[in-house]
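Here is the structure we will look at.
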There are 4 protein chains.
Amino acid sequence: MGAKERREREKRQRKSQILDTARALLLEKGLNATSINQIAKRSELSVGAIYFYFKDKEELFASLQVEGLELLHKTIQKAINKDSSPEEKIKSIASAYLRFSEKHKNYFDIINYFLTAPKTVFSPELKNKIDAHGNVSISTLADAISEGIDSGLFKAVNPRRQAIILWSAFNGIIQLKKLQKTILAKDEYKSLYIESLERFLDGLRN
Amino acid sequence: MGAKERREREKRQRKSQILDTARALLLEKGLNATSINQIAKRSELSVGAIYFYFKDKEELFASLQVEGLELLHKTIQKAINKDSSPEEKIKSIASAYLRFSEKHKNYFDIINYFLTAPKTVFSPELKNKIDAHGNVSISTLADAISEGIDSGLFKAVNPRRQAIILWSAFNGIIQLKKLQKTILAKDEYKSLYIESLERFLDGLRN
Amino acid sequence: MGAKERREREKRQRKSQILDTARALLLEKGLNATSINQIAKRSELSVGAIYFYFKDKEELFASLQVEGLELLHKTIQKAINKDSSPEEKIKSIASAYLRFSEKHKNYFDIINYFLTAPKTVFSPELKNKIDAHGNVSISTLADAISEGIDSGLFKAVNPRRQAIILWSAFNGIIQLKKLQKTILAKDEYKSLYIESLERFLDGLRN
Amino acid sequence: MGAKERREREKRQRKSQILDTARALLLEKGLNATSINQIAKRSELSVGAIYFYFKDKEELFASLQVEGLELLHKTIQKAINKDSSPEEKIKSIASAYLRFSEKHKNYFDIINYFLTAPKTVFSPELKNKIDAHGNVSISTLADAISEGIDSGLFKAVNPRRQAIILWSAFNGIIQLKKLQKTILAKDEYKSLYIESLERFLDGLRN
DNA sequence: CATGAATGAGGTTTCATTCAT
DNA sequence: GATGAATGAAACCTCATTCAT
């Protein structure tokens, strides 16, 4: 007894081990430059083992996405103080998101990497699942906005739509990070991020 | 006589022909899935011919970028009515940008594809050149905002920063297009785009 | 049981098989004209298989070098009769070297091919290793000369330097083989080789 | 009048120009890595022009050989003082050859590059011509040895054979240059060259 | 004479995936 | 469960050579 559980645990560990290596390589070299052989070598597993745990390359990388989205959701959930004002909640979410993009750069980049790919790299089925996952975080933001409207603080706009707009604006700004040293000064994107939120809230208030 | 000129013209045409094919394939399949062999086959040229016109894959794709950025700049320039109000100018630019993203989807996607790639695909030198090109369109937007501030219409904010913020917001929204049919309804992103601009202007006004 | 060992053995065999083919092709066509594709085709393996056994072309050809130098060393070692006189030892080594150049023409040519290439084809690291290997055979010759000096037979010269000089002279002559049928008569280089040794010993004796 | 001559001169210049570039590239990169396109680009001529002056790549590189052998012959001829002793003549030739290998490293390397190639890169016809050219320098050395024999200074050996033996020894030593920094100290090959000649003359004297 | 655009085979290397052990 | 040898297509790029202008 317990042997079965040990095996289960080992199996989960192996999978983690593969995902860890894949994540690292993906960020180092990009999707196409990351090969199964490389993952095998670096994770000190055999190629066959990887194909045992993941049907194919696609499934492996999709797992990374889901992982990332889950972590994002948790991070945001943790950042919200239930008793604070709607504006404070929105600011908390915003700052949690920015921090996530820095602290978990790997995951953030992976999420965006797949989100902004011109072609659906994944099967539709998989993509739905992933998008649904992303939806969760949007809802959290929408709830805060909704609260602000109900309390008369914000204009009577559609909360979900505002959430999406704000979220998109955030993403737009964070992507500016890549323009550092060319168009933008170092870390200018962060102050732009904050100012962007200000402008949005200015526009939202009654 | 004129033989030389005809040759010149033919050369330009060939180059266009290659770029056309590359552009199409790039959008169909993405950067890494687009091979020189494919471009050669579809453009009915030999592989060698392509390498005669472009030093390597990178240079070919960079040409597409620059092409796109130039077209974008022209499109925006044309959209502005010099005599209209600052708000109208901003709206014109915004709607020109949205239209550009639809009408010249190929170019728009390519611009964004490279802009948001996690790894610098191009040489730093090349990247600088490209970013500088992009800078031009930002300036046009900044000018309109500046005008609004001068005329007392807008708050006394930094025009260039606002331009970047707005531009980023636009990009953020346009990327939502990919979420159509999963999270978003069809063309919902367009109305979000418009609302996003409204919210921004709301926040900017005195 | 023994399955592992059999696998090991098969792996070694495959590697030999590739080296055999490469060796043959290299001698037939020269380094640059020998392609991995050709080696794959003739050894009835896939291209990928060759890259499984050898990191790249360089490593493959370096293996041939090392192989050859090892065989050369062994051949010379075997040729020496410990009880014979220094002159006899030198003659034995000389004749062993000439025989090696004929019997193991493939290896000999490969050794010389890389030794006399105008550009360092190999990485410095690799080249060091190879040169060190070559050093061993020189030492054997130097020992014999040293013995002759100690016994008062030879002038008090530097043994290692004489060894190198003699060895170089041998190589110089053996290369003449290529001039057969143009400048030289058939096998004239062999008698030149012997005479060359005579002249050298004449000059070395007290 | 004179137009014809001017054209002739221009033609020769063009040919030189091509050969200069080819020679430089050959030594930089080796035979196979030197392409006609590269030569064209660097010599600021068209590919077609090169094919006008040389039938193909082979003929181009053969010209370099012949060039080099002619220069070698002239250099040696100049080095000999008709009134000096046979030994002095031999030493003059030897030192001229060593100097040639340094001063005209390009030519020397090219001569050796083709001489020691495992396969006949050239057509037999071409190879004959080249070898004959090389023969001339050997004869000069043989004459000096012959003189020494006639004057009772040297043993009654075959002069031509001794010339070849000595020449080969020289080549053997000069090739050691490549082993500098691995097996040999810097410029050790030069002192070996001199000692090699000493040893040979020791063996030749009565 | 000279140009340079075009060819297309062939170079090295990497890859996802399979399957016998 | 796990291994890793093997496949072969496909990636990018270069080459000697030709030929219409």
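Just so we're on the same page: first chain in the structure tokens is A, next is B, and so on; residues restart at 1 for each chain, and ligands are numbered from 1 in the order they show up.
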Near chain E, which residues of chain A fall within 12 Å when you count only C-alpha atoms (C1' of nucleotides), and what do they look like as a list in words?
Asn32, Ala33, Thr34, Ser35, Ile36, Asn37, Gln38, Val47, Gly48, Ile50, Tyr51, Phe52, Lys55, Asp56, Lys57 and Glu58 of chain A
Taking only C-alpha atoms (C1' of nucleotides) into account, report as number ranges by chain which residues of chain F lie within 12 Å of chain B.
F: 10-15, 20-21
Hey, what does DSSP flag as helix (DSSP H, G or I) within segment 114-203 of chain B? Can you give it to me as an mmCIF file with C-alpha atoms, in the first residue's frame?
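Listed below is the output, result.cif:
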```cif
data_model
loop_
_atom_site.group_PDB
_atom_site.id
_atom_site.type_symbol
_atom_site.label_atom_id
_atom_site.label_comp_id
_atom_site.auth_asym_id
_atom_site.auth_seq_id
_atom_site.Cartn_x
_atom_site.Cartn_y
_atom_site.Cartn_z
ATOM 1 C CA PHE B 114 7.141 41.425 -34.870
ATOM 2 C CA LEU B 115 6.360 44.130 -32.356
ATOM 3 C CA PRO B 124 19.381 45.480 -33.013
ATOM 4 C CA GLU B 125 20.313 47.742 -35.881
ATOM 5 C CA LEU B 126 17.331 46.649 -37.868
ATOM 6 C CA LYS B 127 15.081 46.863 -34.850
ATOM 7 C CA ASN B 128 16.073 50.448 -34.241
ATOM 8 C CA LYS B 129 15.231 51.353 -37.774
ATOM 9 C CA ILE B 130 11.858 49.723 -37.515
ATOM 10 C CA ASP B 131 11.011 51.284 -34.179
ATOM 11 C CA ALA B 132 11.987 54.694 -35.472
ATOM 12 C CA HIS B 133 9.608 54.177 -38.339
ATOM 13 C CA GLY B 134 6.861 53.396 -35.887
ATOM 14 C CA ASN B 135 7.692 56.514 -33.943
ATOM 15 C CA VAL B 136 6.469 58.706 -36.764
ATOM 16 C CA SER B 137 2.854 57.685 -36.373
ATOM 17 C CA ILE B 138 2.964 58.262 -32.636
ATOM 18 C CA SER B 139 4.137 61.806 -33.242
ATOM 19 C CA THR B 140 1.178 62.572 -35.437
ATOM 20 C CA LEU B 141 -1.149 61.575 -32.656
ATOM 21 C CA ALA B 142 0.854 63.555 -30.107
ATOM 22 C CA ASP B 143 0.529 66.660 -32.238
ATOM 23 C CA ALA B 144 -3.248 66.481 -32.157
ATOM 24 C CA ILE B 145 -3.285 66.039 -28.388
ATOM 25 C CA SER B 146 -0.896 68.937 -28.015
ATOM 26 C CA GLU B 147 -3.253 71.098 -30.015
ATOM 27 C CA GLY B 148 -6.085 70.182 -27.686
ATOM 28 C CA ILE B 149 -4.052 71.121 -24.637
ATOM 29 C CA ASP B 150 -3.034 74.436 -26.140
ATOM 30 C CA PRO B 159 1.131 64.880 -25.145
ATOM 31 C CA ARG B 160 3.636 62.269 -26.197
ATOM 32 C CA ARG B 161 2.862 60.092 -23.200
ATOM 33 C CA GLN B 162 -0.856 60.339 -23.858
ATOM 34 C CA ALA B 163 -0.273 59.429 -27.462
ATOM 35 C CA ILE B 164 1.582 56.324 -26.455
ATOM 36 C CA ILE B 165 -1.062 55.389 -23.908
ATOM 37 C CA LEU B 166 -3.847 55.757 -26.411
ATOM 38 C CA TRP B 167 -1.968 53.900 -29.078
ATOM 39 C CA SER B 168 -1.256 51.053 -26.725
ATOM 40 C CA ALA B 169 -4.904 50.905 -25.742
ATOM 41 C CA PHE B 170 -5.819 50.619 -29.393
ATOM 42 C CA ASN B 171 -3.384 47.824 -29.937
ATOM 43 C CA GLY B 172 -4.637 46.060 -26.861
ATOM 44 C CA ILE B 173 -8.168 46.147 -28.182
ATOM 45 C CA ILE B 174 -7.348 45.167 -31.707
ATOM 46 C CA GLN B 175 -5.602 42.094 -30.433
ATOM 47 C CA LEU B 176 -8.914 41.028 -28.974
ATOM 48 C CA LYS B 177 -9.977 40.280 -32.488
ATOM 49 C CA LYS B 178 -8.421 36.871 -32.034
ATOM 50 C CA LEU B 179 -10.745 36.142 -29.151
ATOM 51 C CA GLU B 188 -17.531 43.232 -30.548
ATOM 52 C CA TYR B 189 -13.950 44.389 -30.536
ATOM 53 C CA LYS B 190 -14.859 47.234 -32.865
ATOM 54 C CA SER B 191 -17.395 48.741 -30.541
ATOM 55 C CA LEU B 192 -14.973 48.200 -27.705
ATOM 56 C CA TYR B 193 -12.432 50.113 -29.692
ATOM 57 C CA ILE B 194 -14.758 53.052 -30.044
ATOM 58 C CA GLU B 195 -15.791 52.963 -26.426
ATOM 59 C CA SER B 196 -12.189 52.747 -25.405
ATOM 60 C CA LEU B 197 -11.496 55.981 -27.220
ATOM 61 C CA GLU B 198 -14.533 57.597 -25.562
ATOM 62 C CA ARG B 199 -13.329 56.632 -22.133
ATOM 63 C CA PHE B 200 -9.908 57.995 -22.895
ATOM 64 C CA LEU B 201 -11.246 61.305 -24.158
ATOM 65 C CA ASP B 202 -13.530 61.534 -21.152
ATOM 66 C CA GLY B 203 -10.492 61.250 -18.976
#
```
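Chains of identical sequence, chain A and chain C give a C-alpha root-mean-square deviation of 0.4 Å after superposition over all matched alpha carbons.
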For Lys89 of chain D, list every protein, DNA or RNA residue within 7 Å, evaluated using only C-alpha atoms (C1' of nucleotides), and leave out those in the same chain fewer than 5 positions away; present the list as a list in words.
Ile80, Asn81, Ser84 and Ala144 of chain D
What lies within 10 Å of Phe108 of chain D using only C-alpha atoms (C1' of nucleotides), ignoring chain neighbours under 3 positions off, as a PyMOL selection string?
chain D and resi 65+68-69+71-72+97-98+100-105+111-113
Spatial neighbours of Arg12 of chain C, max dist 10 Å, only C-alpha atoms (C1' of nucleotides), sep filter under 6 positions, as number ranges by chain
C: 6, 18, 53
List as a PyMOL selection string the protein and nucleic acid residues near Asn106 of chain D, meaning an atom at most 8 Å away when only C-alpha atoms (C1' of nucleotides) are counted, but skip any in the same chain fewer than 5 places from it.
chain D and resi 23-24+27
Using N, CA, C and O atoms, can you write the selected residues to a file as a JSON list (two decimals), in the first residue's frame?
```
[["chain", "number", "residue", "atom", "x", "y", "z"],
["D", 23, "ARG", "N", 43.42, 34.74, -55.31],
["D", 23, "ARG", "CA", 44.53, 34.32, -54.48],
["D", 23, "ARG", "C", 44.25, 34.67, -53.02],
["D", 23, "ARG", "O", 44.38, 33.82, -52.13],
["D", 24, "ALA", "N", 43.84, 35.89, -52.81],
["D", 24, "ALA", "CA", 43.57, 36.34, -51.44],
["D", 24, "ALA", "C", 42.47, 35.48, -50.81],
["D", 24, "ALA", "O", 42.62, 34.97, -49.69],
["D", 27, "LEU", "N", 43.45, 31.82, -49.97],
["D", 27, "LEU", "CA", 44.23, 31.67, -48.75],
["D", 27, "LEU", "C", 43.42, 31.97, -47.51],
["D", 27, "LEU", "O", 43.65, 31.41, -46.45]]
```
Take atom CA of Ser43 of chain A and atom CA of Thr21 of chain A and report the distance between them in Å, one decimal.
6.0 Å
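When only C-alpha atoms are used to measure the gap to chain A, the shortest distance among B:Ile39, B:Leu31, B:Ala94, B:Leu19 belongs to B:Leu31.
Reported to one decimal place, the separation of atom CA of Ile93 of chain C from atom CA of Ala79 of chain C is 6.5 Å.
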